[in-house]
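Asker: Input structure: entry-v2.txt, which contains compact mmCIF, C-alpha atoms.
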# COMPACT_ATOMS: atom_id res chain seq x y z
CA ILE A 891 12.99 -13.56 4.28
CA THR A 892 10.56 -13.91 1.45
CA SER A 893 6.88 -13.94 1.06
CA SER A 894 6.28 -14.01 -2.68
CA LYS A 895 6.35 -10.33 -3.37
CA ARG A 896 7.13 -8.70 -0.03
CA SER A 897 10.29 -10.28 1.24
CA LEU A 898 13.52 -11.77 0.01
CA TYR A 899 16.35 -13.65 1.62
CA ILE A 900 19.82 -12.31 0.83
CA SER A 901 22.69 -14.78 0.93
CA LYS A 902 25.77 -14.50 3.08
CA ALA A 903 27.86 -13.56 0.05
CA LEU A 904 26.06 -10.28 -0.58
CA ILE A 905 26.75 -8.84 2.83
CA PHE A 906 30.45 -9.57 2.45
CA VAL A 907 30.45 -7.80 -0.89
CA LEU A 908 28.63 -4.85 0.63
CA TYR A 909 31.00 -4.47 3.56
CA PHE A 910 34.37 -5.39 2.11
CA SER A 911 34.52 -5.31 -1.68
CA LEU A 912 33.30 -1.71 -1.80
CA ILE A 913 35.44 -0.42 1.07
CA ASP A 914 37.56 1.85 -1.15
CA LEU A 915 34.64 3.49 -2.94
CA TYR A 916 33.71 5.94 -0.19
CA ALA A 917 33.27 9.52 -1.40
CA ALA A 918 33.28 12.79 0.51
CA SER A 919 29.90 13.81 1.93
CA GLU A 920 28.30 16.80 3.59
CA ASP A 921 27.62 15.98 7.24
CA ILE A 922 24.89 17.74 9.20
CA VAL A 923 24.44 16.98 12.89
CA GLU A 924 21.11 17.75 14.52
CA THR A 925 19.65 17.03 17.97
CA ILE A 926 16.27 15.37 18.36
CA LYS A 927 14.64 16.28 21.67
CA GLY A 928 18.09 16.92 23.12
CA GLN A 929 19.05 13.26 23.09
CA SER A 930 19.46 11.54 19.74
CA ARG A 931 22.02 12.45 17.11
CA LEU A 932 20.64 12.56 13.60
CA LEU A 933 23.43 12.58 11.06
CA GLU A 934 22.36 13.43 7.54
CA LEU A 935 24.78 12.23 4.90
CA GLN A 936 24.22 13.63 1.45
CA PRO A 937 26.31 12.72 -1.61
CA ASN A 938 27.85 15.74 -3.26
CA ASN A 939 26.29 16.82 -6.55
CA LYS A 940 23.57 14.20 -6.41
CA THR A 941 19.86 14.62 -6.89
CA ILE A 942 18.18 13.09 -3.84
CA SER A 943 15.02 11.17 -4.65
CA ASN A 944 14.67 8.89 -1.61
CA ILE A 945 15.40 8.79 2.12
CA THR A 946 16.98 5.90 4.01
CA ILE A 947 17.36 5.80 7.78
CA PHE A 948 20.42 3.86 8.91
CA LEU A 949 20.50 2.19 12.34
CA PRO A 950 23.94 0.88 13.35
CA GLY A 951 25.04 -1.90 15.64
CA ARG A 952 25.96 -1.02 19.20
CA ASN A 953 29.24 0.87 19.66
CA LEU A 954 29.53 1.57 15.93
CA ASN A 955 29.33 4.90 14.13
CA ASP A 956 28.80 6.24 10.62
CA TYR A 957 32.50 5.82 9.73
CA ASP A 958 32.21 2.07 10.29
CA TYR A 959 29.59 1.94 7.54
CA LYS A 960 31.21 4.30 5.07
CA SER A 961 31.22 1.83 2.16
CA THR A 962 27.57 0.96 2.71
CA ILE A 963 26.60 4.61 2.92
CA ASN A 964 28.50 5.28 -0.29
CA VAL A 965 26.54 2.56 -2.09
CA LEU A 966 23.35 4.25 -0.96
CA HIS A 967 24.65 7.56 -2.25
CA GLU A 968 25.30 5.93 -5.60
CA GLN A 969 21.62 5.03 -5.63
CA GLY A 970 20.63 8.65 -4.97
CA GLN A 971 19.62 8.15 -1.34
CA THR A 972 19.74 10.70 1.45
CA VAL A 973 20.91 8.78 4.52
CA LEU A 974 19.81 9.72 8.02
CA PHE A 975 22.12 8.02 10.53
CA ILE A 976 20.71 7.67 14.05
CA ASP A 977 23.00 6.64 16.90
CA THR A 978 21.96 3.72 19.04
CA ILE A 979 20.50 4.04 22.52
CA ILE A 980 20.14 1.24 25.06
CA ASP A 981 16.36 0.90 25.24
CA ASP A 982 15.05 -0.79 22.11
CA ILE A 983 11.48 0.51 22.34
CA ASP A 984 12.66 4.08 22.89
CA TYR A 985 15.05 3.70 19.96
CA ALA A 986 12.30 2.36 17.69
CA ARG A 987 9.99 5.22 18.63
CA ARG A 988 12.63 7.77 17.67
CA VAL A 989 12.90 6.57 14.09
CA PRO A 990 9.62 8.09 12.85
CA ILE A 991 10.37 11.17 14.98
CA ALA A 992 13.69 11.53 13.15
CA PHE A 993 11.98 11.25 9.78
CA ASP A 994 9.33 13.83 10.71
CA TYR A 995 12.02 16.17 12.04
CA TYR A 996 14.00 15.89 8.82
CA VAL A 997 10.93 16.53 6.66
CA GLN A 998 9.99 19.54 8.76
CA GLN A 999 13.47 21.07 8.80
CA THR A 1000 14.17 20.55 5.09
CA LYS A 1001 10.60 21.15 3.89
CA SER A 1002 10.87 17.84 2.07
CA SER A 1003 7.83 16.43 0.29
CA ALA A 1004 8.81 12.88 1.28
CA THR A 1005 6.00 10.80 2.77
CA SER A 1006 7.82 7.48 3.16
CA TYR A 1007 11.29 6.15 3.88
CA ASN A 1008 13.45 3.03 3.93
CA ILE A 1009 15.38 1.60 6.88
CA ILE A 1010 18.68 -0.26 6.96
CA GLY A 1011 19.82 -1.67 10.28
CA HIS A 1012 22.76 -3.80 11.40
CA SER A 1013 22.81 -6.19 14.38
CA PHE A 1014 20.96 -4.35 17.19
CA GLY A 1015 19.95 -1.71 14.65
CA ALA A 1016 18.59 -4.47 12.40
CA LYS A 1017 16.31 -5.59 15.20
CA ILE A 1018 15.10 -2.00 15.64
CA ALA A 1019 14.43 -1.69 11.90
CA LEU A 1020 12.13 -4.70 12.08
CA MET A 1021 10.40 -3.33 15.18
CA VAL A 1022 9.64 -0.06 13.41
CA ALA A 1023 8.19 -1.89 10.40
CA ALA A 1024 6.16 -4.26 12.57
CA LYS A 1025 4.75 -1.75 15.04
CA PHE A 1026 6.00 1.81 15.27
CA ASP A 1027 5.58 3.18 11.73
CA LYS A 1028 4.04 0.44 9.58
CA GLU A 1029 2.45 2.52 6.86
CA ARG A 1030 5.34 4.79 5.86
CA ILE A 1031 8.18 2.33 5.35
CA GLY A 1032 8.97 1.09 1.86
CA ILE A 1033 11.94 -1.26 2.30
CA VAL A 1034 13.64 -2.70 5.38
CA ILE A 1035 17.11 -4.25 5.06
CA SER A 1036 17.92 -6.04 8.30
CA LEU A 1037 21.60 -7.00 8.29
CA ASP A 1038 22.32 -9.88 10.68
CA PRO A 1039 19.65 -8.96 13.25
CA ASN A 1040 20.40 -9.75 16.89
CA ASP A 1041 16.99 -10.11 18.53
CA ASP A 1042 18.02 -10.45 22.15
CA ASN A 1043 17.88 -8.72 25.55
CA PRO A 1044 14.92 -8.76 25.29
CA PRO A 1045 13.73 -10.67 22.21
CA ARG A 1046 10.89 -8.99 20.31
CA PHE A 1047 10.47 -11.57 17.53
CA THR A 1048 12.00 -14.77 18.94
CA ASP A 1049 10.64 -15.09 22.46
CA LYS A 1050 9.88 -18.72 23.31
CA THR A 1051 6.40 -17.55 24.28
CA SER A 1052 5.15 -16.80 20.79
CA SER A 1053 2.30 -14.58 21.96
CA LYS A 1054 4.85 -12.01 23.15
CA ASN A 1055 6.42 -11.61 19.71
CA LEU A 1056 5.84 -8.86 17.18
CA SER A 1057 4.70 -10.19 13.81
CA LEU A 1058 6.25 -9.50 10.42
CA LEU A 1059 3.29 -11.01 8.59
CA ASN A 1060 0.96 -8.86 6.52
CA ILE A 1061 2.88 -5.61 6.85
CA PRO A 1062 3.28 -3.18 3.94
CA ALA A 1063 7.09 -3.00 3.94
CA THR A 1064 9.29 -5.19 1.77
CA ILE A 1065 11.69 -6.92 4.17
CA PHE A 1066 15.19 -8.21 3.49
CA LEU A 1067 17.17 -10.13 6.10
CA THR A 1068 20.73 -11.40 5.99
CA VAL A 1069 22.32 -14.04 8.16
CA THR A 1070 26.03 -14.67 8.62
CA ASP A 1071 28.01 -16.48 11.29
CA GLY A 1072 28.04 -13.89 14.05
CA GLY A 1073 30.06 -16.12 16.34
CA PRO A 1074 29.26 -16.18 20.06
CA THR A 1075 27.80 -12.67 20.00
CA ILE A 1076 24.62 -13.70 18.15
CA SER A 1077 22.75 -16.73 19.44
CA SER A 1078 21.19 -18.98 16.83
CA ASP A 1079 17.99 -18.67 18.87
CA HIS A 1080 17.76 -14.96 18.10
CA GLN A 1081 19.19 -14.36 14.62
CA ALA A 1082 17.53 -14.02 11.21
CA LEU A 1083 16.66 -17.68 10.73
CA ALA A 1084 15.02 -17.78 14.14
CA ILE A 1085 12.98 -14.70 13.25
CA VAL A 1086 11.78 -16.50 10.12
CA LYS A 1087 10.88 -19.55 12.22
CA PHE A 1088 8.63 -17.44 14.46
CA ASN A 1089 6.90 -15.91 11.44
CA PRO A 1090 5.33 -18.91 9.70
CA GLY A 1091 4.37 -18.20 6.14
CA ILE A 1092 7.58 -16.35 5.28
CA SER A 1093 10.69 -18.28 4.36
Can the structure from this file be put into structure tokens for me?
Answerer:
Amino acid sequence: ITSSKRSLYISKALIFVLYFSLIDLYAASEDIVETIKGQSRLLELQPNNKTISNITIFLPGRNLNDYDYKSTINVLHEQGQTVLFIDTIIDDIDYARRVPIAFDYYVQQTKSSATSYNIIGHSFGAKIALMVAAKFDKERIGIVISLDPNDDNPPRFTDKTSSKNLSLLNIPATIFLTVTDGGPTISSDHQALAIVKFNPGIS
């Protein structure tokens, strides 16, 4: 979605390139598994022999793990990113609240000087990424890449009663959304274009 300087719309083609054209470029990484409050798995993926200058939190789709996104994670490594992979949980609000907790935990444990982070989410994780930027950690997020968001059960941006929806207007983060044909699993009433519709002023 785009709003002059804050948001851009990425075409269907880019996501296919990201997922499939780069599939063979995955490189070995150092994996560190931590527990956040005894419940969430925080998987830190660091590229070998790379200087880390930025932090990206990755939120997957339901029933997917870090291996399913290996090509995407490798692209982030090529850009010098440290990737924090957080497994999904059922409750979307609880999941969204854990994202800033994960970042704070990482900063504390590694004594990092980082004060902001980016988020990439896919499907259910893409919805959570937008929720964090809209409500749960507005001021610390630089970029959100929301890959084919599925805003359903319950909708947080595409409820027919507009007053119930979170707003993506006038937030500090730069927001990218993609939309592809998700088939029957993603209703047209709750995907990226519908999110744009409920946020007048961004296109």
Asker: Go through A:Asn944, A:Ser1006, A:Thr1070, A:Thr972 and flag the residue nearest A:Arg1030, using all atoms listed in the file for the distances.
Answerer: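 Using all atoms listed in the file, A:Arg1030 sits closest to A:Ser1006.
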Asker: Looking at all atoms listed in the file, which of A:Leu1059, A:Ala992, A:Ile947, A:Val1086 is the one that sits closest to A:Ile1035?
Answerer: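 The closest residue to A:Ile1035 is A:Ile947.
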Asker: Which neighbours of A:Gly951 fall inside 12 Å, counting all atoms listed in the file, when residues of the same chain fewer than 4 positions from it are skipped, and could you give them as a ChimeraX atom specification?
Answerer: /A:955-956,958-959,975-980,982,1010-1019,1036-1041,1075
Asker: Just the selected residues (C-alpha atoms), exported as a PDB file, in the coordinates of the input, please.
Answerer:
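Final file, out-v5.pdb:
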ATOM      1  CA  ASN A 955      29.330   4.900  14.130  1.00  0.00           C
ATOM      2  CA  ASP A 956      28.800   6.240  10.620  1.00  0.00           C
ATOM      3  CA  ASP A 958      32.210   2.070  10.290  1.00  0.00           C
ATOM      4  CA  TYR A 959      29.590   1.940   7.540  1.00  0.00           C
ATOM      5  CA  PHE A 975      22.120   8.020  10.530  1.00  0.00           C
ATOM      6  CA  ILE A 976      20.710   7.670  14.050  1.00  0.00           C
ATOM      7  CA  ASP A 977      23.000   6.640  16.900  1.00  0.00           C
ATOM      8  CA  THR A 978      21.960   3.720  19.040  1.00  0.00           C
ATOM      9  CA  ILE A 979      20.500   4.040  22.520  1.00  0.00           C
ATOM     10  CA  ILE A 980      20.140   1.240  25.060  1.00  0.00           C
ATOM     11  CA  ASP A 982      15.050  -0.790  22.110  1.00  0.00           C
ATOM     12  CA  ILE A1010      18.680  -0.260   6.960  1.00  0.00           C
ATOM     13  CA  GLY A1011      19.820  -1.670  10.280  1.00  0.00           C
ATOM     14  CA  HIS A1012      22.760  -3.800  11.400  1.00  0.00           C
ATOM     15  CA  SER A1013      22.810  -6.190  14.380  1.00  0.00           C
ATOM     16  CA  PHE A1014      20.960  -4.350  17.190  1.00  0.00           C
ATOM     17  CA  GLY A1015      19.950  -1.710  14.650  1.00  0.00           C
ATOM     18  CA  ALA A1016      18.590  -4.470  12.400  1.00  0.00           C
ATOM     19  CA  LYS A1017      16.310  -5.590  15.200  1.00  0.00           C
ATOM     20  CA  ILE A1018      15.100  -2.000  15.640  1.00  0.00           C
ATOM     21  CA  ALA A1019      14.430  -1.690  11.900  1.00  0.00           C
ATOM     22  CA  SER A1036      17.920  -6.040   8.300  1.00  0.00           C
ATOM     23  CA  LEU A1037      21.600  -7.000   8.290  1.00  0.00           C
ATOM     24  CA  ASP A1038      22.320  -9.880  10.680  1.00  0.00           C
ATOM     25  CA  PRO A1039      19.650  -8.960  13.250  1.00  0.00           C
ATOM     26  CA  ASN A1040      20.400  -9.750  16.890  1.00  0.00           C
ATOM     27  CA  ASP A1041      16.990 -10.110  18.530  1.00  0.00           C
ATOM     28  CA  THR A1075      27.800 -12.670  20.000  1.00  0.00           C
TER      29      THR A1075
END
Asker: How many Å lie between atom CA of A:Gln998 and atom CA of A:Thr962, rounded to one decimal?
Answerer: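 Value for the atom CA of A:Gln998-atom CA of A:Thr962 distance: 26.3 Å.
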Asker: Could you work out how far atom CA of A:Val989 lies from atom CA of A:Leu1056, giving the answer in Å with one decimal?
Answerer: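 That distance, rounded to one decimal, is 17.2 Å.
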Asker: Rounded to one decimal place, report the atom CA of A:Leu1083-atom CA of A:Thr1048 distance in Å.
Answerer: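 Computing it gives 9.9 Å between the two atoms.
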Asker: Enumerate, as a compact mmCIF listing (two decimals) with C-alpha atoms, in the coordinates of the input, the protein, DNA and RNA residues whose atoms approach (5.0, -2.2, 4.5) to within 7 Å, taking into account all atoms listed in the file and the coordinate frame of the file.
Answerer:
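Output file selection_6.txt is given in full below:
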# COMPACT_ATOMS: atom_id res chain seq x y z
CA ALA A 1023 8.19 -1.89 10.40
CA LYS A 1028 4.04 0.44 9.58
CA GLU A 1029 2.45 2.52 6.86
CA ILE A 1031 8.18 2.33 5.35
CA GLY A 1032 8.97 1.09 1.86
CA ILE A 1061 2.88 -5.61 6.85
CA PRO A 1062 3.28 -3.18 3.94
CA ALA A 1063 7.09 -3.00 3.94
CA THR A 1064 9.29 -5.19 1.77
Asker: I need every residue sitting at most 12 Å from the point (12.3, -14.4, 20.6) (coordinates as in the file, only C-alpha atoms considered), written as a VMD selection string.
Answerer: chain A and resid 1017 1039 to 1057 1077 to 1089
Asker: Which one of A:Gln969, A:Ile1065, A:Ile983, A:Leu974 sits closest to A:Tyr995 if you count all atoms listed in the file?
Answerer: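 Nearest candidate to A:Tyr995 out of A:Gln969, A:Ile1065, A:Ile983, A:Leu974: A:Leu974.
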Asker: Since the input is missing atoms, can you rebuild N, CA, C and O atoms for stretch 1008-1033 of chain A and write them as a PDB file, in the frame of the given file?
Answerer:
ATOM      1  N   ASN A1008      12.915   4.383   3.785  1.00  0.00           N
ATOM      2  CA  ASN A1008      13.450   3.030   3.930  1.00  0.00           C
ATOM      3  C   ASN A1008      14.280   2.969   5.203  1.00  0.00           C
ATOM      4  O   ASN A1008      14.723   4.002   5.717  1.00  0.00           O
ATOM      5  N   ILE A1009      14.516   1.768   5.709  1.00  0.00           N
ATOM      6  CA  ILE A1009      15.380   1.600   6.880  1.00  0.00           C
ATOM      7  C   ILE A1009      16.399   0.496   6.591  1.00  0.00           C
ATOM      8  O   ILE A1009      16.051  -0.574   6.082  1.00  0.00           O
ATOM      9  N   ILE A1010      17.647   0.773   6.931  1.00  0.00           N
ATOM     10  CA  ILE A1010      18.680  -0.260   6.960  1.00  0.00           C
ATOM     11  C   ILE A1010      19.217  -0.321   8.384  1.00  0.00           C
ATOM     12  O   ILE A1010      19.549   0.714   8.980  1.00  0.00           O
ATOM     13  N   GLY A1011      19.276  -1.514   8.943  1.00  0.00           N
ATOM     14  CA  GLY A1011      19.820  -1.670  10.280  1.00  0.00           C
ATOM     15  C   GLY A1011      20.799  -2.824  10.319  1.00  0.00           C
ATOM     16  O   GLY A1011      20.698  -3.776   9.554  1.00  0.00           O
ATOM     17  N   HIS A1012      21.769  -2.733  11.231  1.00  0.00           N
ATOM     18  CA  HIS A1012      22.760  -3.800  11.400  1.00  0.00           C
ATOM     19  C   HIS A1012      22.781  -4.256  12.851  1.00  0.00           C
ATOM     20  O   HIS A1012      22.799  -3.434  13.778  1.00  0.00           O
ATOM     21  N   SER A1013      22.716  -5.582  13.057  1.00  0.00           N
ATOM     22  CA  SER A1013      22.810  -6.190  14.380  1.00  0.00           C
ATOM     23  C   SER A1013      21.682  -5.658  15.276  1.00  0.00           C
ATOM     24  O   SER A1013      20.512  -5.893  14.997  1.00  0.00           O
ATOM     25  N   PHE A1014      22.014  -4.926  16.343  1.00  0.00           N
ATOM     26  CA  PHE A1014      20.960  -4.350  17.190  1.00  0.00           C
ATOM     27  C   PHE A1014      20.085  -3.396  16.377  1.00  0.00           C
ATOM     28  O   PHE A1014      18.859  -3.383  16.506  1.00  0.00           O
ATOM     29  N   GLY A1015      20.708  -2.611  15.508  1.00  0.00           N
ATOM     30  CA  GLY A1015      19.950  -1.710  14.650  1.00  0.00           C
ATOM     31  C   GLY A1015      19.034  -2.448  13.690  1.00  0.00           C
ATOM     32  O   GLY A1015      17.961  -1.950  13.322  1.00  0.00           O
ATOM     33  N   ALA A1016      19.428  -3.652  13.289  1.00  0.00           N
ATOM     34  CA  ALA A1016      18.590  -4.470  12.400  1.00  0.00           C
ATOM     35  C   ALA A1016      17.324  -4.919  13.116  1.00  0.00           C
ATOM     36  O   ALA A1016      16.239  -4.985  12.529  1.00  0.00           O
ATOM     37  N   LYS A1017      17.474  -5.252  14.376  1.00  0.00           N
ATOM     38  CA  LYS A1017      16.310  -5.590  15.200  1.00  0.00           C
ATOM     39  C   LYS A1017      15.367  -4.392  15.292  1.00  0.00           C
ATOM     40  O   LYS A1017      14.140  -4.527  15.131  1.00  0.00           O
ATOM     41  N   ILE A1018      15.913  -3.205  15.518  1.00  0.00           N
ATOM     42  CA  ILE A1018      15.100  -2.000  15.640  1.00  0.00           C
ATOM     43  C   ILE A1018      14.377  -1.720  14.331  1.00  0.00           C
ATOM     44  O   ILE A1018      13.197  -1.336  14.320  1.00  0.00           O
ATOM     45  N   ALA A1019      15.060  -1.917  13.208  1.00  0.00           N
ATOM     46  CA  ALA A1019      14.430  -1.690  11.900  1.00  0.00           C
ATOM     47  C   ALA A1019      13.186  -2.551  11.742  1.00  0.00           C
ATOM     48  O   ALA A1019      12.135  -2.085  11.265  1.00  0.00           O
ATOM     49  N   LEU A1020      13.280  -3.800  12.158  1.00  0.00           N
ATOM     50  CA  LEU A1020      12.130  -4.700  12.080  1.00  0.00           C
ATOM     51  C   LEU A1020      11.021  -4.268  13.037  1.00  0.00           C
ATOM     52  O   LEU A1020       9.830  -4.358  12.709  1.00  0.00           O
ATOM     53  N   MET A1021      11.392  -3.802  14.212  1.00  0.00           N
ATOM     54  CA  MET A1021      10.400  -3.330  15.180  1.00  0.00           C
ATOM     55  C   MET A1021       9.612  -2.137  14.624  1.00  0.00           C
ATOM     56  O   MET A1021       8.395  -2.050  14.783  1.00  0.00           O
ATOM     57  N   VAL A1022      10.315  -1.230  13.970  1.00  0.00           N
ATOM     58  CA  VAL A1022       9.640  -0.060  13.410  1.00  0.00           C
ATOM     59  C   VAL A1022       8.643  -0.493  12.341  1.00  0.00           C
ATOM     60  O   VAL A1022       7.498  -0.030  12.297  1.00  0.00           O
ATOM     61  N   ALA A1023       9.077  -1.419  11.477  1.00  0.00           N
ATOM     62  CA  ALA A1023       8.190  -1.890  10.400  1.00  0.00           C
ATOM     63  C   ALA A1023       7.013  -2.681  10.935  1.00  0.00           C
ATOM     64  O   ALA A1023       5.913  -2.635  10.370  1.00  0.00           O
ATOM     65  N   ALA A1024       7.218  -3.406  12.030  1.00  0.00           N
ATOM     66  CA  ALA A1024       6.160  -4.260  12.570  1.00  0.00           C
ATOM     67  C   ALA A1024       5.173  -3.507  13.444  1.00  0.00           C
ATOM     68  O   ALA A1024       4.009  -3.902  13.550  1.00  0.00           O
ATOM     69  N   LYS A1025       5.621  -2.385  14.053  1.00  0.00           N
ATOM     70  CA  LYS A1025       4.750  -1.750  15.040  1.00  0.00           C
ATOM     71  C   LYS A1025       4.742  -0.228  15.022  1.00  0.00           C
ATOM     72  O   LYS A1025       3.678   0.391  15.094  1.00  0.00           O
ATOM     73  N   PHE A1026       5.903   0.397  14.933  1.00  0.00           N
ATOM     74  CA  PHE A1026       6.000   1.810  15.270  1.00  0.00           C
ATOM     75  C   PHE A1026       5.770   2.778  14.105  1.00  0.00           C
ATOM     76  O   PHE A1026       5.535   3.959  14.335  1.00  0.00           O
ATOM     77  N   ASP A1027       5.866   2.311  12.870  1.00  0.00           N
ATOM     78  CA  ASP A1027       5.580   3.180  11.730  1.00  0.00           C
ATOM     79  C   ASP A1027       5.276   2.332  10.496  1.00  0.00           C
ATOM     80  O   ASP A1027       5.889   2.509   9.439  1.00  0.00           O
ATOM     81  N   LYS A1028       4.321   1.440  10.619  1.00  0.00           N
ATOM     82  CA  LYS A1028       4.040   0.440   9.580  1.00  0.00           C
ATOM     83  C   LYS A1028       3.794   1.040   8.202  1.00  0.00           C
ATOM     84  O   LYS A1028       4.311   0.540   7.207  1.00  0.00           O
ATOM     85  N   GLU A1029       2.997   2.077   8.137  1.00  0.00           N
ATOM     86  CA  GLU A1029       2.450   2.520   6.860  1.00  0.00           C
ATOM     87  C   GLU A1029       3.415   3.349   6.018  1.00  0.00           C
ATOM     88  O   GLU A1029       3.198   3.520   4.827  1.00  0.00           O
ATOM     89  N   ARG A1030       4.485   3.859   6.615  1.00  0.00           N
ATOM     90  CA  ARG A1030       5.340   4.790   5.860  1.00  0.00           C
ATOM     91  C   ARG A1030       6.655   4.192   5.393  1.00  0.00           C
ATOM     92  O   ARG A1030       7.447   4.870   4.744  1.00  0.00           O
ATOM     93  N   ILE A1031       6.895   2.934   5.699  1.00  0.00           N
ATOM     94  CA  ILE A1031       8.180   2.330   5.350  1.00  0.00           C
ATOM     95  C   ILE A1031       8.063   1.542   4.058  1.00  0.00           C
ATOM     96  O   ILE A1031       7.168   0.708   3.905  1.00  0.00           O
ATOM     97  N   GLY A1032       8.985   1.809   3.123  1.00  0.00           N
ATOM     98  CA  GLY A1032       8.970   1.090   1.860  1.00  0.00           C
ATOM     99  C   GLY A1032       9.761  -0.201   1.924  1.00  0.00           C
ATOM    100  O   GLY A1032       9.243  -1.283   1.682  1.00  0.00           O
ATOM    101  N   ILE A1033      11.042  -0.099   2.271  1.00  0.00           N
ATOM    102  CA  ILE A1033      11.940  -1.260   2.300  1.00  0.00           C
ATOM    103  C   ILE A1033      12.677  -1.293   3.631  1.00  0.00           C
ATOM    104  O   ILE A1033      13.126  -0.259   4.133  1.00  0.00           O
TER     105      ILE A1033
END
